[in-house]
Structures are given as C-alpha cells and as structure tokens.
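J.: Next comes the structure file entry-v6.txt, holding compact mmCIF, C-alpha atoms.
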```
# COMPACT_ATOMS: atom_id res chain seq x y z
CA MET A 1 -18.16 23.69 15.04
CA ASP A 2 -16.95 20.95 12.72
CA TYR A 3 -19.06 18.01 13.85
CA PHE A 4 -17.76 15.81 11.05
CA GLU A 5 -14.20 16.08 12.35
CA ILE A 6 -15.27 15.52 15.97
CA MET A 7 -17.18 12.37 15.00
CA ARG A 8 -14.39 11.19 12.74
CA SER A 9 -11.96 11.59 15.63
CA ALA A 10 -14.24 9.56 17.90
CA CYS A 11 -14.42 6.79 15.30
CA LEU A 12 -10.66 6.82 14.81
CA ASP A 13 -10.21 6.50 18.59
CA SER A 14 -12.67 3.59 18.58
CA GLY A 15 -11.12 1.77 15.63
CA VAL A 16 -14.01 2.14 13.19
CA ASP A 17 -14.41 3.91 9.85
CA PHE A 18 -16.29 7.15 9.29
CA ASP A 19 -17.22 8.91 6.04
CA GLU A 20 -19.59 11.48 4.56
CA LYS A 21 -22.37 8.92 4.04
CA LYS A 22 -22.35 7.95 7.71
CA TYR A 23 -22.21 11.61 8.73
CA LYS A 24 -25.27 12.42 6.62
CA ASP A 25 -27.11 9.50 8.22
CA PHE A 26 -26.31 10.84 11.68
CA LEU A 27 -27.56 14.31 10.72
CA GLU A 28 -30.80 12.84 9.39
CA TYR A 29 -31.14 10.82 12.57
CA LYS A 30 -30.61 13.98 14.63
CA ASN A 31 -33.32 15.80 12.69
CA LEU A 32 -35.77 12.94 13.20
CA ILE A 33 -35.07 12.94 16.94
CA GLN A 34 -35.80 16.67 17.11
CA VAL A 35 -39.03 16.40 15.11
CA TRP A 36 -40.39 13.36 16.95
CA ASN A 37 -39.37 14.69 20.34
CA LYS A 38 -42.10 17.32 19.97
CA LYS A 39 -44.66 14.49 19.81
CA ILE A 40 -43.28 11.89 22.22
CA ASN A 41 -40.70 11.98 24.97
CA LEU A 42 -37.51 10.58 23.44
CA THR A 43 -34.79 12.59 25.15
CA ALA A 44 -34.25 15.71 27.24
CA ILE A 45 -31.18 16.42 25.11
CA VAL A 46 -32.39 18.30 22.03
CA GLU A 47 -29.70 20.79 20.95
CA ASP A 48 -27.48 19.88 18.00
CA ASP A 49 -24.24 20.06 19.95
CA ALA A 50 -25.55 18.01 22.86
CA ILE A 51 -27.13 15.32 20.67
CA ILE A 52 -23.91 14.81 18.76
CA LYS A 53 -21.61 14.79 21.79
CA LYS A 54 -23.78 13.29 24.53
CA HIS A 55 -25.62 10.77 22.38
CA PHE A 56 -23.84 10.01 19.11
CA ILE A 57 -20.21 10.13 20.21
CA ASP A 58 -21.12 8.42 23.47
CA CYS A 59 -22.64 5.54 21.49
CA ILE A 60 -19.81 5.35 18.95
CA LYS A 61 -17.40 4.78 21.81
CA ILE A 62 -18.95 1.37 22.50
CA PHE A 63 -16.58 0.16 19.76
CA LYS A 64 -13.68 0.84 22.14
CA PHE A 65 -14.40 -2.75 23.16
CA SER A 66 -12.72 -4.40 20.20
CA PRO A 67 -14.45 -7.84 20.20
CA ILE A 68 -17.80 -6.21 19.37
CA LYS A 69 -16.41 -5.45 15.90
CA ASP A 70 -16.21 -9.19 15.16
CA SER A 71 -19.75 -9.98 16.31
CA HIS A 72 -22.48 -11.03 13.89
CA ASN A 73 -25.45 -9.70 15.81
CA PHE A 74 -26.48 -7.66 18.84
CA ILE A 75 -29.62 -6.75 20.77
CA ASP A 76 -30.19 -3.31 22.28
CA ILE A 77 -32.34 -3.72 25.41
CA GLY A 78 -34.56 -0.74 26.20
CA SER A 79 -33.42 1.08 23.08
CA GLY A 80 -35.58 4.18 23.64
CA ALA A 81 -34.55 6.75 21.03
CA GLY A 82 -32.20 4.16 19.51
CA PHE A 83 -29.15 4.45 21.72
CA PRO A 84 -26.76 2.79 21.17
CA GLY A 85 -28.36 0.52 18.54
CA ILE A 86 -28.95 3.02 15.72
CA PRO A 87 -25.44 4.55 15.90
CA MET A 88 -24.00 1.04 15.98
CA GLY A 89 -26.01 0.17 12.88
CA ILE A 90 -24.85 3.29 11.03
CA ILE A 91 -21.19 2.73 11.89
CA ARG A 92 -21.20 -1.02 11.20
CA PRO A 93 -23.84 -1.94 8.58
CA ASP A 94 -22.39 -5.46 8.44
CA ILE A 95 -23.56 -6.30 11.99
CA ASN A 96 -27.23 -7.21 12.44
CA GLY A 97 -29.02 -5.48 15.30
CA LEU A 98 -32.37 -5.89 17.06
CA LEU A 99 -33.78 -2.91 18.99
CA LEU A 100 -36.15 -3.88 21.79
CA ASP A 101 -38.44 -1.41 23.55
CA SER A 102 -41.60 -1.73 25.63
CA LEU A 103 -43.30 1.42 24.29
CA ASN A 104 -44.89 1.09 20.87
CA LYS A 105 -44.60 4.84 20.15
CA ARG A 106 -40.84 4.60 20.40
CA ILE A 107 -40.84 1.53 18.15
CA LYS A 108 -42.71 3.55 15.50
CA PHE A 109 -40.05 6.25 15.75
CA LEU A 110 -37.26 3.69 15.43
CA ASP A 111 -38.97 2.12 12.41
CA GLU A 112 -39.08 5.51 10.68
CA VAL A 113 -35.39 6.10 11.39
CA ILE A 114 -34.54 2.65 10.01
CA ASP A 115 -36.65 3.33 6.90
CA LYS A 116 -35.31 6.85 6.25
CA LEU A 117 -31.69 5.77 6.74
CA ASN A 118 -32.22 2.49 4.88
CA LEU A 119 -30.63 0.50 7.70
CA LYS A 120 -31.24 -2.96 6.33
CA ASN A 121 -29.19 -4.51 9.14
CA ILE A 122 -31.44 -3.19 11.93
CA GLN A 123 -34.86 -4.44 13.06
CA THR A 124 -37.16 -3.61 15.97
CA ILE A 125 -39.29 -5.61 18.35
CA HIS A 126 -41.98 -4.35 20.71
CA GLY A 127 -42.22 -5.94 24.15
CA ARG A 128 -40.74 -6.28 27.61
CA ALA A 129 -37.28 -7.77 27.94
CA GLU A 130 -38.57 -10.32 30.47
CA ASP A 131 -41.21 -11.62 28.03
CA ILE A 132 -39.37 -11.60 24.70
CA CYS A 133 -36.50 -13.58 26.23
CA ARG A 134 -38.87 -16.49 26.85
CA LYS A 135 -39.06 -17.09 23.09
CA ASN A 136 -36.52 -19.66 21.90
CA GLU A 137 -35.44 -17.61 18.88
CA TYR A 138 -34.14 -14.84 21.13
CA ARG A 139 -32.88 -16.55 24.25
CA GLU A 140 -29.08 -16.96 24.24
CA SER A 141 -29.08 -16.07 20.54
CA PHE A 142 -26.91 -12.93 20.42
CA ASP A 143 -23.17 -12.37 20.35
CA VAL A 144 -23.69 -9.11 22.23
CA SER A 145 -26.41 -7.43 24.25
CA VAL A 146 -26.08 -3.73 24.96
CA SER A 147 -27.93 -1.30 27.19
CA ARG A 148 -27.68 2.39 27.86
CA ALA A 149 -30.62 2.34 30.25
CA VAL A 150 -30.54 4.03 33.64
CA ALA A 151 -31.35 0.94 35.73
CA ASN A 152 -28.67 -0.34 38.07
CA LEU A 153 -26.32 -3.07 36.91
CA THR A 154 -28.00 -5.83 38.91
CA VAL A 155 -31.34 -5.18 37.21
CA LEU A 156 -29.79 -4.64 33.77
CA SER A 157 -27.90 -7.93 34.00
CA GLU A 158 -31.10 -9.89 34.57
CA PHE A 159 -32.69 -8.16 31.59
CA CYS A 160 -29.71 -8.54 29.27
CA LEU A 161 -27.58 -11.62 30.05
CA PRO A 162 -30.29 -14.20 29.16
CA TYR A 163 -30.10 -13.01 25.53
CA VAL A 164 -26.36 -13.63 25.22
CA LYS A 165 -24.73 -16.77 23.86
CA ILE A 166 -22.12 -18.48 25.99
CA GLY A 167 -18.86 -16.80 25.02
CA GLY A 168 -20.67 -13.58 24.11
CA TYR A 169 -20.85 -10.29 25.98
CA PHE A 170 -23.23 -7.95 27.75
CA ILE A 171 -21.98 -4.36 27.53
CA ALA A 172 -23.49 -1.91 30.00
CA MET A 173 -22.90 1.78 29.29
CA LYS A 174 -22.63 3.41 32.69
CA GLY A 175 -21.66 6.75 34.20
CA PRO A 176 -18.31 7.67 35.75
CA SER A 177 -19.14 6.51 39.30
CA LEU A 178 -19.99 2.85 39.63
CA LYS A 179 -17.72 1.15 42.19
CA GLU A 180 -20.57 0.45 44.63
CA GLU A 181 -22.86 -0.64 41.80
CA ILE A 182 -20.25 -3.11 40.58
CA ASN A 183 -19.79 -4.59 44.04
CA GLU A 184 -23.54 -4.98 44.57
CA SER A 185 -24.07 -6.68 41.20
CA LYS A 186 -21.33 -9.33 41.24
CA HIS A 187 -23.38 -12.09 42.87
CA ALA A 188 -26.37 -11.52 40.56
CA ILE A 189 -24.11 -11.55 37.50
CA ASP A 190 -22.60 -14.85 38.66
CA ILE A 191 -26.08 -16.39 39.11
CA LEU A 192 -27.02 -15.27 35.59
CA GLY A 193 -23.96 -16.90 34.02
CA GLY A 194 -21.78 -13.84 33.62
CA HIS A 195 -18.42 -12.57 34.78
CA ILE A 196 -17.18 -8.97 34.81
CA GLU A 197 -14.21 -9.10 32.45
CA ASP A 198 -13.27 -5.45 32.14
CA ILE A 199 -14.29 -1.84 32.78
CA ILE A 200 -13.25 0.50 30.00
CA LYS A 201 -13.12 4.21 30.76
CA VAL A 202 -14.25 6.31 27.82
CA ASP A 203 -13.58 10.02 27.25
CA MET A 204 -15.64 12.19 24.91
CA GLU A 205 -14.08 14.39 22.23
CA ASN A 206 -14.13 18.15 22.86
CA SER A 207 -15.69 17.81 26.31
CA GLU A 208 -14.98 16.81 29.88
CA LEU A 209 -17.62 14.09 29.71
CA ASN A 210 -16.69 10.47 30.34
CA HIS A 211 -18.35 7.16 31.06
CA ASN A 212 -17.55 3.48 31.49
CA LEU A 213 -18.20 0.37 29.46
CA VAL A 214 -18.80 -2.53 31.83
CA ILE A 215 -17.83 -5.67 29.93
CA ILE A 216 -19.55 -8.81 31.17
CA LYS A 217 -18.68 -12.11 29.50
CA LYS A 218 -21.24 -14.92 29.38
CA ILE A 219 -19.45 -17.99 30.72
CA ASN A 220 -22.41 -20.20 31.68
CA SER A 221 -25.98 -20.64 30.48
CA THR A 222 -28.54 -18.53 32.32
CA PRO A 223 -30.87 -20.67 34.48
CA LYS A 224 -34.36 -20.90 32.96
CA LEU A 225 -35.81 -19.16 36.01
CA TYR A 226 -34.33 -15.86 34.76
CA PRO A 227 -35.41 -13.30 33.87
CA ARG A 228 -38.24 -13.45 36.37
CA LYS A 229 -41.73 -12.31 35.39
CA ALA A 230 -42.43 -8.72 34.38
CA GLY A 231 -42.26 -6.27 37.26
CA THR A 232 -40.31 -8.52 39.60
CA VAL A 233 -36.81 -7.77 38.28
CA SER A 234 -36.88 -4.09 39.24
CA LYS A 235 -38.93 -4.45 42.42
CA LYS A 236 -36.88 -7.30 43.87
CA PRO A 237 -33.35 -7.17 42.42
CA LEU A 238 -31.22 -10.27 42.81
CA LYS A 239 -28.99 -10.23 45.90
```
Would you write out, as structure tokens, the structure that this file holds?
T.:
Amino acid sequence: MDYFEIMRSACLDSGVDFDEKKYKDFLEYKNLIQVWNKKINLTAIVEDDAIIKKHFIDCIKIFKFSPIKDSHNFIDIGSGAGFPGIPMGIIRPDINGLLLDSLNKRIKFLDEVIDKLNLKNIQTIHGRAEDICRKNEYRESFDVSVSRAVANLTVLSEFCLPYVKIGGYFIAMKGPSLKEEINESKHAIDILGGHIEDIIKVDMENSELNHNLVIIKKINSTPKLYPRKAGTVSKKPLK
C-alpha cells in the first residue's frame, strides 16, 4: 500500500503541504511508537496500516479547521503517545506546540521523538492539566488547545478551555456519535467561557472511519475557580 500517497491525499484535503521529509519523519515516529510500546503502554494500535490511518491521518485532519493554520502556538492536553501534537508539529513546523501529559514515562517517549525528529517547535511538560494551568505563563496563553483524549466533552472543556486566549479555540477530537455529549456539555462550556462554534465531520482516506472536530471558541475569560483541583473535574463534572 502506498502510504505516502494516502497521507499526501489527507494533507491535500486538509489544506496543508506534504513531502518526502515529512513522510520520513512519520515513518520514524511510527517505528519509535512500536519500539516503545513494548516497554510502556502507548497505544493498542500497533500495526503499520492502523497507525498510519487511525492515528496519523486522523491527527492530520485537525487542519480541516482552517483557523488553526494561522495560530502561533497550541497545547495538546493529555498528549499520551503524542496525538495530535506530534503530527501537528511535523506538518506545521512553524507553529509552536506544548505537549502536556501526567505520566513521566510518556514524557520521556515524547522527548525522544522530538529529539530524533529534530522538532524544534515542540516541547513537553510533565504534570496534571489542573495544576499546570494555575501557572500564569500557561493560563490563557495559547491560540489553540487540542485534545484527543477519551474523556467526555464536559470534562475535557474544564481541562482545556482555561489554557486558551480569548478569541482562541479548543478543538476536541471526538468519535462519530456525540449529540448527547454535546447537549450535556453546553452549560459547562458556557461557564468556562466557551461557545460551540462548529462541528466538522471528518472522513479518513481509504477507510470507512470518520470522526468529528468539535470547535469551541473562547469568548470570555475562564473564572479563576476553574479548573478545580486535581481529581474533582472527572469525579464531579460541571452540570
């Protein structure tokens, strides 16, 4: 299978450039995932075809939301194996990214990826989203926050919106079924200073897979109360 052409097609559909250098970086990234996954739990998806389609192309499609291409910086909350932050950094080396994760083993993996791929635009930070956001240099300091985590939208919004500047965006990468989740999260998003601006349906090349980009614009400053202390956000989601 010609993975280069599949990825190039995904980039063309998303309005971003793709070339041999970026493709080689993705292949190196894939190899690092497969090697490290034998030592720590990064992903259940380990085959070449699945990594490229279910991870890489999925992450590339975040650029379907055009305004992200004009941003200067982003933060990836709960980055895990680096999704979507590392693919974003490969595709757009002119945008600065910060990858946040609470597990130091995953941070060490991300640091190796950044070093091997020479991603000078990407940095990592170890900690919980609730705690790091209390530091002035991070709170409401990013044009975009992104998350591909599995938490529901109400919880994700409390983790992610406090990092976003007024006028910026929180982009949640969600599965194909989210109507109920959207309805349940609207009040919490409003409290946190956000507004659901759009939901972009995304199809994957050479597969029947699809997902949604939930686009939340930051229209007001997040009250200082949020995010609440570690552990509370997930246990007692905002109503």
J.: For Ile51 in chain A, please output as a count of residues only all residues within 12 Å (counting all atoms listed in the file; exclusion window: fewer than 4 positions along the same chain).
T.: 24
J.: Could you list, as number ranges by chain, every residue within 10 Å of Leu192 in chain A, counting all atoms listed in the file and ignoring same-chain residues fewer than 5 positions away?
T.: A: 157-162, 186-187, 218-227, 238
J.: Quote the spacing between CA of Gly82 in chain A and CA of Glu5 in chain A in Å to one decimal place.
T.: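 Between these atoms lies a distance of 22.7 Å.
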J.: Given only C-alpha atoms, how would the per-residue table for range 3-78 of chain A near range 124-144 of chain A read, listing every residue at most 8 Å away with its closest atom pair and distance in Å to one decimal, sorted by chain and number, as a tab-separated table?
T.:
```
residue	atom	partner	partner_atom	distance
A:Ile68	CA	A:Val144	CA	7.2
A:Ser71	CA	A:Asp143	CA	5.8
A:His72	CA	A:Asp143	CA	6.6
A:Asn73	CA	A:Asp143	CA	5.7
A:Phe74	CA	A:Val144	CA	4.6
A:Ile75	CA	A:Val144	CA	6.5
A:Ile77	CA	A:Ala129	CA	6.9
A:Gly78	CA	A:Ala129	CA	7.7
```
J.: Can I get the residues of range 61-89 of chain A within 10 Å of range 107-114 of chain A, each with the closest pair of atoms and their distance in Å to one decimal, using only C-alpha atoms, sorted chain first then ascending number, as a tab-separated table?
T.:
```
residue	atom	partner	partner_atom	distance
A:Ser79	CA	A:Ile107	CA	8.9
A:Gly80	CA	A:Ile107	CA	8.1
A:Ala81	CA	A:Leu110	CA	6.9
A:Gly82	CA	A:Leu110	CA	6.5
A:Gly85	CA	A:Leu110	CA	9.9
A:Ile86	CA	A:Ile114	CA	8.0
A:Gly89	CA	A:Ile114	CA	9.3
```
J.: One decimal, Å: what's the distance from CA of Ile189 in chain A over to CA of Lys69 in chain A, could you say?
T.: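 Value for the CA of Ile189 in chain A-CA of Lys69 in chain A distance: 23.7 Å.
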J.: In Å, how far is it from CA of Tyr163 in chain A to CA of Ile191 in chain A?
T.: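 Rounded to one decimal, the two atoms are 14.6 Å apart.
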